[in-house]
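Below is the file final07.cif, which contains mmCIF, C-alpha atoms.
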```cif
data_input
loop_
_atom_site.label_atom_id
_atom_site.label_comp_id
_atom_site.auth_asym_id
_atom_site.auth_seq_id
_atom_site.Cartn_x
_atom_site.Cartn_y
_atom_site.Cartn_z
CA MET A 1 -123.68 161.63 73.34
CA GLN A 2 -120.44 163.33 72.28
CA ILE A 3 -120.84 166.49 70.19
CA PHE A 4 -118.01 168.42 68.57
CA TYR A 5 -117.90 172.06 67.49
CA VAL A 6 -116.80 172.72 63.91
CA PRO A 7 -117.58 176.28 62.78
CA ASP A 8 -117.05 175.54 59.06
CA MET A 9 -118.92 172.54 57.66
CA ASP A 10 -119.45 173.30 53.97
CA GLY A 11 -119.62 170.36 51.60
CA ASP A 12 -119.49 166.66 52.38
CA SER A 13 -116.49 166.74 54.71
CA CYS A 14 -114.86 168.94 57.32
CA THR A 15 -111.80 169.15 59.54
CA MET A 16 -111.96 169.56 63.30
CA ASP A 17 -109.50 171.94 64.95
CA GLU A 18 -106.68 170.62 67.11
CA THR A 19 -108.54 171.06 70.41
CA GLU A 20 -111.59 169.07 69.29
CA SER A 21 -109.45 166.54 67.41
CA ARG A 22 -107.22 165.87 70.41
CA HIS A 23 -110.24 165.35 72.66
CA CYS A 24 -111.80 163.03 70.09
CA VAL A 25 -108.71 160.91 69.38
CA ARG A 26 -106.56 161.10 72.50
CA VAL A 27 -109.20 161.36 75.25
CA LEU A 28 -112.19 159.51 73.83
CA ARG A 29 -110.07 157.07 71.81
CA MET A 30 -112.30 157.38 68.78
CA ALA A 31 -111.00 155.80 65.59
CA GLU A 32 -111.50 155.68 61.84
CA GLY A 33 -115.07 154.67 60.99
CA ASP A 34 -116.57 155.84 64.29
CA ARG A 35 -119.69 158.00 64.07
CA ILE A 36 -119.71 161.42 65.70
CA ASN A 37 -122.05 164.39 65.96
CA LEU A 38 -121.12 167.94 64.99
CA VAL A 39 -122.55 171.46 65.35
CA ASP A 40 -121.34 174.63 63.65
CA GLY A 41 -122.80 177.22 66.05
CA LYS A 42 -124.93 178.65 63.23
CA GLY A 43 -127.80 176.15 63.33
CA MET A 44 -126.24 173.17 61.54
CA TYR A 45 -126.30 169.77 63.24
CA CYS A 46 -124.53 166.93 61.45
CA GLU A 47 -123.77 163.27 61.81
CA GLY A 48 -120.39 162.23 60.48
CA ILE A 49 -117.89 159.40 60.22
CA ILE A 50 -114.22 159.80 61.11
CA SER A 51 -112.19 159.27 57.95
CA ASP A 52 -108.80 160.39 59.32
CA PRO A 53 -108.37 160.37 63.12
CA ASP A 54 -105.53 162.89 63.23
CA PRO A 55 -105.17 164.51 66.69
CA LYS A 56 -103.97 167.71 65.01
CA GLY A 57 -106.94 167.91 62.63
CA SER A 58 -109.31 164.97 62.19
CA ARG A 59 -111.14 164.66 58.90
CA ILE A 60 -114.85 163.90 59.08
CA LYS A 61 -117.15 162.66 56.31
CA ILE A 62 -120.62 164.16 56.77
CA ILE A 63 -123.44 161.68 56.17
CA ASN A 64 -126.49 163.50 57.56
CA ARG A 65 -127.20 167.13 58.29
CA LYS A 66 -130.03 169.28 59.62
CA THR A 67 -130.16 173.05 59.23
CA ASP A 68 -131.88 175.40 61.69
CA PHE A 69 -131.73 172.68 64.32
CA GLU A 70 -134.23 173.57 67.09
CA LYS A 71 -134.27 177.20 66.01
CA LYS A 72 -136.37 179.31 68.39
CA ASN A 73 -138.93 181.87 67.24
CA TYR A 74 -137.58 184.46 69.68
CA ARG A 75 -134.23 185.86 70.81
CA LEU A 76 -133.15 186.39 74.42
CA HIS A 77 -130.46 188.94 75.19
CA MET A 78 -129.15 188.99 78.76
CA ALA A 79 -127.26 192.07 79.97
CA VAL A 80 -125.75 191.18 83.35
CA SER A 81 -123.19 192.92 85.50
CA PRO A 82 -119.87 191.08 85.87
CA LEU A 83 -119.20 189.92 89.41
CA LYS A 84 -116.32 190.30 91.83
CA ASN A 85 -116.07 186.52 91.89
CA PRO A 86 -115.63 185.52 88.22
CA ASP A 87 -116.56 181.89 88.95
CA ARG A 88 -120.11 182.96 89.78
CA PHE A 89 -120.45 184.95 86.56
CA GLU A 90 -119.11 182.01 84.56
CA TRP A 91 -121.60 179.70 86.31
CA PHE A 92 -124.40 182.03 85.17
CA ILE A 93 -123.09 181.94 81.59
CA GLU A 94 -122.92 178.15 81.55
CA LYS A 95 -126.40 177.56 82.97
CA SER A 96 -128.00 180.25 80.80
CA VAL A 97 -126.57 178.72 77.64
CA GLU A 98 -128.00 175.36 78.68
CA ILE A 99 -131.44 176.94 79.17
CA GLY A 100 -131.29 178.95 75.96
CA VAL A 101 -129.80 182.44 75.56
CA ASP A 102 -128.82 184.05 72.26
CA GLU A 103 -126.68 186.98 73.36
CA PHE A 104 -124.79 188.17 76.43
CA THR A 105 -123.63 191.68 77.26
CA PRO A 106 -121.55 192.21 80.43
CA LEU A 107 -123.18 195.36 81.81
CA VAL A 108 -120.96 197.86 83.64
CA CYS A 109 -123.09 199.64 86.24
CA ARG A 110 -122.40 202.14 89.01
CA ASN A 111 -122.09 199.36 91.61
CA THR A 112 -120.13 196.93 89.43
CA GLU A 113 -116.99 196.06 91.42
CA LYS A 114 -115.01 194.23 88.73
CA PRO A 115 -116.02 195.23 85.18
CA GLY A 116 -113.53 193.10 83.26
CA ILE A 117 -114.15 189.57 82.00
CA LYS A 118 -111.94 186.82 80.57
CA LYS A 119 -113.56 186.74 77.16
CA ASP A 120 -111.63 183.79 75.74
CA ARG A 121 -112.36 181.67 78.79
CA ILE A 122 -116.05 182.58 78.74
CA ASN A 123 -116.31 181.80 75.03
CA ASN A 124 -114.89 178.35 75.77
CA ILE A 125 -117.53 177.89 78.47
CA ILE A 126 -120.22 178.93 75.99
CA VAL A 127 -119.05 176.36 73.43
CA SER A 128 -118.85 173.62 76.05
CA ALA A 129 -122.35 174.38 77.37
CA MET A 130 -123.73 174.58 73.83
CA LYS A 131 -122.42 171.10 73.06
CA GLN A 132 -123.47 169.64 76.41
CA SER A 133 -127.05 170.84 75.97
CA ILE A 134 -127.22 169.72 72.29
CA LYS A 135 -127.64 173.16 70.77
CA ALA A 136 -126.55 174.13 67.28
CA TYR A 137 -126.59 177.90 67.80
CA ARG A 138 -123.67 179.53 69.59
CA PRO A 139 -124.66 182.51 71.79
CA VAL A 140 -122.88 185.80 71.12
CA LEU A 141 -120.68 187.28 73.85
CA ASN A 142 -120.28 191.05 73.53
CA ASP A 143 -117.59 193.22 75.07
CA PRO A 144 -118.50 194.88 78.39
CA GLU A 145 -120.71 197.91 77.82
CA ASP A 146 -121.48 200.92 79.98
CA PHE A 147 -125.01 201.01 81.37
CA ASP A 148 -125.83 204.44 79.92
CA GLU A 149 -124.76 203.37 76.44
CA PHE A 150 -126.61 200.07 76.59
CA ILE A 151 -130.01 201.50 77.53
CA CYS A 152 -129.86 203.91 74.57
CA ARG A 153 -129.52 201.13 72.01
CA ASP A 154 -132.47 200.58 69.68
CA PHE A 155 -133.74 197.12 70.66
CA LEU A 156 -136.75 195.71 68.82
CA ALA A 157 -137.70 193.64 71.83
CA VAL A 158 -139.50 193.64 75.15
CA LYS A 159 -137.00 195.48 77.34
CA MET A 160 -136.93 194.65 81.06
CA ILE A 161 -134.86 195.71 84.06
CA ALA A 162 -134.97 193.35 87.05
CA HIS A 163 -134.22 195.11 90.32
CA CYS A 164 -134.97 194.92 94.05
CA SER A 165 -135.85 198.55 94.79
CA GLN A 166 -139.29 199.33 96.23
CA SER A 167 -139.27 202.80 94.68
CA THR A 168 -141.12 201.71 91.53
CA ASP A 169 -143.92 199.30 90.75
CA ARG A 170 -142.58 196.02 89.38
CA LYS A 171 -144.37 193.24 87.57
CA GLY A 172 -143.58 189.60 86.99
CA ILE A 173 -141.95 188.74 83.69
CA LYS A 174 -145.04 186.73 82.75
CA ASP A 175 -147.13 189.89 83.07
CA VAL A 176 -145.09 191.97 80.60
CA TYR A 177 -143.53 189.47 78.21
CA LEU A 178 -145.50 187.98 75.31
CA LYS A 179 -144.67 184.49 74.09
CA GLY A 180 -142.63 184.53 70.88
CA SER A 181 -141.30 188.06 71.39
CA ASP A 182 -137.64 188.98 71.50
CA ALA A 183 -136.51 189.98 74.97
CA VAL A 184 -133.74 192.02 76.57
CA ILE A 185 -133.32 191.63 80.34
CA MET A 186 -130.91 193.61 82.49
CA ILE A 187 -129.62 192.18 85.79
CA GLY A 188 -127.60 194.41 88.12
CA PRO A 189 -124.53 193.81 90.32
CA GLU A 190 -124.39 192.67 93.95
CA GLY A 191 -125.39 196.15 95.12
CA ASP A 192 -128.26 196.27 92.61
CA PHE A 193 -128.85 199.12 90.18
CA SER A 194 -128.76 202.63 91.59
CA GLU A 195 -132.03 204.55 91.79
CA GLU A 196 -130.74 206.86 89.06
CA GLU A 197 -130.01 203.91 86.77
CA ILE A 198 -133.47 202.47 87.33
CA MET A 199 -135.13 205.75 86.38
CA LYS A 200 -132.89 206.17 83.32
CA ALA A 201 -133.79 202.67 82.14
CA ILE A 202 -137.51 203.34 82.60
CA ASP A 203 -137.18 206.61 80.67
CA ASN A 204 -135.63 204.58 77.84
CA GLY A 205 -138.48 202.10 77.67
CA PHE A 206 -137.31 199.36 80.04
CA ILE A 207 -140.06 197.80 82.13
CA PRO A 208 -139.30 197.17 85.83
CA VAL A 209 -139.75 193.50 86.73
CA HIS A 210 -139.23 191.30 89.77
CA LEU A 211 -138.19 187.66 90.03
CA GLY A 212 -140.35 186.65 92.96
CA THR A 213 -140.25 187.44 96.65
CA SER A 214 -136.73 186.16 97.41
CA ARG A 215 -133.69 188.40 97.14
CA LEU A 216 -131.46 186.62 94.65
CA ARG A 217 -127.77 186.83 93.91
CA THR A 218 -126.93 188.30 90.53
CA GLU A 219 -126.09 184.96 88.92
CA THR A 220 -129.20 183.30 90.36
CA ALA A 221 -131.37 186.18 89.18
CA GLY A 222 -129.92 185.81 85.69
CA VAL A 223 -130.75 182.12 85.54
CA ALA A 224 -134.23 182.75 86.99
CA ALA A 225 -134.93 185.39 84.31
CA CYS A 226 -133.76 183.06 81.54
CA SER A 227 -135.94 180.28 82.92
CA ALA A 228 -139.00 182.54 83.04
CA VAL A 229 -138.70 183.39 79.35
CA TYR A 230 -137.97 179.74 78.51
CA PHE A 231 -141.06 178.46 80.28
CA ILE A 232 -143.32 181.14 78.83
CA ASN A 233 -142.21 179.95 75.42
CA GLY A 234 -142.22 176.38 76.67
CA ASP A 235 -143.50 174.34 73.74
CA ILE A 236 -141.36 171.33 74.55
CA THR A 237 -140.69 169.57 71.27
CA SER A 238 -138.23 166.85 70.36
CA THR A 239 -136.42 167.45 67.09
CA PRO A 240 -135.07 164.23 65.57
CA LEU A 241 -131.31 164.26 65.27
CA PRO A 242 -129.71 163.56 61.88
CA GLY A 243 -129.86 159.84 61.26
CA GLN A 244 -132.87 159.38 63.55
CA ARG A 245 -136.42 158.77 62.45
CA GLY A 246 -138.88 161.58 63.16
#
```

Output the file's structure as structure tokens, nothing else.
Amino acid sequence: MQIFYVPDMDGDSCTMDETESRHCVRVLRMAEGDRINLVDGKGMYCEGIISDPDPKGSRIKIINRKTDFEKKNYRLHMAVSPLKNPDRFEWFIEKSVEIGVDEFTPLVCRNTEKPGIKKDRINNIIVSAMKQSIKAYRPVLNDPEDFDEFICRDFLAVKMIAHCSQSTDRKGIKDVYLKGSDAVIMIGPEGDFSEEEIMKAIDNGFIPVHLGTSRLRTETAGVAACSAVYFINGDITSTPLPGQRG
């Protein structure tokens, strides 16, 4: 199933941008009258028909739409340290979007080796993963934020810090997270959080958690944490797509 991202879909028609149009017309060889599927990143999922297959801006007639497509009753915010190898951080972003994350904050910690990210590239990965996994909500990517600033933010959520230190008692995510609650989970860099950072987070209401008995890489830990929240909330339902019978 091919899905295209069109941020603005008001009314009965819309125009795809040049990137999506070129892929549709030049790569997939789609033509006038072909049916396509669209998402706007804000919860709208539409079925449309190509009325003008212009590779610089194809016009689409919308014939079916569904708002709040597969909207979750919770939000998951992942704050994860950027990695020295950007490919690994981007892999984490891609897989987490597929599982179901609402917001990302690159977290700059004491042991973070390479705090910068390629925001445009990562946003493209987010859009691609959103379409691939048939999601209508586009996750938010924030600018990198310093650890001390992040932990002082007023989150109305279950706040967790996943770390490997034996200096504090840690619980499994399933033991501290309640189904349907918003969640914020912090994952540290390759060298883990410092002891000082762990204590600061606890003082600011973050609950220490573990991700099992294995020592995981940062990107693997991020995906494991996302999966834990996903499965706790795991009412697997199938929402009919526009044009399909429920």

Original post:
From the list A:Arg215, A:Asp182, A:Pro82, A:Ile125, which residue is nearest Ser165 in chain A when using only C-alpha atoms?
Top reply: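 Of A:Arg215, A:Asp182, A:Pro82, A:Ile125, the one nearest Ser165 in chain A, counting only C-alpha atoms, is A:Arg215.
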
Subject >> From A:Ile3, A:Leu216, A:Met44, A:Ile60, residue lying nearest Met16 in chain A [only C-alpha atoms] >> reply: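 Of the candidates, the smallest distance to Met16 in chain A is held by A:Ile60.
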
Original post:
Which residues come within 6 Å of range 85-101 of chain A, counting all atoms listed in the file, excluding same-chain residues fewer than 4 positions away, as a PyMOL selection string?
Top reply: chain A and resi 76+129+133+219+223

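By chain and then residue number, the residues within 7 Å of range 19-32 of chain A are Phe4, Ile50, Ser51, Asp52, Pro53, Asp54, Pro55, Lys56, Gly57 and Ser58 of chain A, counting all atoms listed in the file and disregarding those fewer than 4 positions away in sequence.
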
**OP:** Find, counting only C-alpha atoms, the residue in A:Cys152, A:Met186, A:Ile62, A:Val209 that gets nearest to Val108 in chain A.
**Re:**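 Comparing A:Cys152, A:Met186, A:Ile62, A:Val209 against Val108 in chain A, the winner is A:Met186.
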
**OP:** Considering all atoms listed in the file, state which residue in the set A:Thr67, A:Lys72, A:Glu190, A:Ala162 is at the smallest distance from Ala224 in chain A.
**Re:**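 Going through A:Thr67, A:Lys72, A:Glu190, A:Ala162 one by one, the smallest distance to Ala224 in chain A is for A:Ala162.
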
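Checking A:Gln132, A:Ser181, A:Ser13, A:Thr218 one by one against His163 in chain A, counting only C-alpha atoms, you find the shortest gap at A:Thr218.
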
Subject >> Pro7 in chain A surroundings by all atoms listed in the file, 12 Å radius, close-in-sequence under 3 positions cut, as number ranges by chain >> reply: A: 4, 10, 14-17, 20, 38-46, 127, 136-138

Restricting it to C-alpha atoms, dump the selection as a tab-separated table (two decimals), in the frame of the given file.
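The resulting file, again-v9.tsv, is shown below:
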```tsv
chain	number	residue	atom	x	y	z
A	4	PHE	CA	-118.01	168.42	68.57
A	10	ASP	CA	-119.45	173.30	53.97
A	14	CYS	CA	-114.86	168.94	57.32
A	15	THR	CA	-111.80	169.15	59.54
A	16	MET	CA	-111.96	169.56	63.30
A	17	ASP	CA	-109.50	171.94	64.95
A	20	GLU	CA	-111.59	169.07	69.29
A	38	LEU	CA	-121.12	167.94	64.99
A	39	VAL	CA	-122.55	171.46	65.35
A	40	ASP	CA	-121.34	174.63	63.65
A	41	GLY	CA	-122.80	177.22	66.05
A	42	LYS	CA	-124.93	178.65	63.23
A	43	GLY	CA	-127.80	176.15	63.33
A	44	MET	CA	-126.24	173.17	61.54
A	45	TYR	CA	-126.30	169.77	63.24
A	46	CYS	CA	-124.53	166.93	61.45
A	127	VAL	CA	-119.05	176.36	73.43
A	136	ALA	CA	-126.55	174.13	67.28
A	137	TYR	CA	-126.59	177.90	67.80
A	138	ARG	CA	-123.67	179.53	69.59
```

Original post:
Mind pulling up the distance from CA of Gly212 in chain A to CA of Val176 in chain A?
Top reply: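 Calculated distance between CA of Val176 in chain A and CA of Gly212 in chain A is 14.3 Å.
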
Subject >> Shell of 9 Å around range 143-148 of chain A, only C-alpha atoms, local chain residues under 5 positions omitted, as a ChimeraX atom specification >> reply: /A:81-82,104-110,115-117,119,197,200-201

Subject >> Å distance separating CA of Gly172 in chain A from CA of His210 in chain A, one decimal place >> reply: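 About the pair CA of Gly172 in chain A and CA of His210 in chain A: they are 5.4 Å apart.
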
Original post:
With all atoms listed in the file as the atoms that count, which of A:Arg35, A:Lys159, A:Arg121, A:Lys135 lies nearest to Asp102 in chain A?
Top reply: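 Nearest candidate to Asp102 in chain A out of A:Arg35, A:Lys159, A:Arg121, A:Lys135: A:Lys135.
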
Subject >> Ground truth for the PyMOL selection byres ((chain A and resi 167) around 12), written as JSON, numbers by chain >> reply: {"A": [163, 164, 165, 166, 168, 169, 170, 193, 194, 195, 196, 198, 199, 208]}

Starting from the displayed file, determine the output of the PyMOL selection byres ((chain A and resi 185) around 6) and express the residue list as a compact mmCIF listing (two decimals) with C-alpha atoms, in the frame of the given file.
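Heads up, here's the output in selection.txt:
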```txt
# COMPACT_ATOMS: atom_id res chain seq x y z
CA MET A 78 -129.15 188.99 78.76
CA MET A 160 -136.93 194.65 81.06
CA ILE A 161 -134.86 195.71 84.06
CA VAL A 184 -133.74 192.02 76.57
CA MET A 186 -130.91 193.61 82.49
```

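The gap separating CA of Pro189 in chain A from CA of Ile173 in chain A is 19.3 Å, in Å to one decimal.
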
Subject >> Residues in the PyMOL selection byres ((chain A and resi 63) around 6), expressed as a PyMOL selection string >> reply: chain A and resi 47-48+62+64

Subject >> Lys179 in chain A environment, 9 Å, only C-alpha atoms, sequence neighbours closer than 6 positions dropped, as a PyMOL selection string >> reply: chain A and resi 74+229+232-234
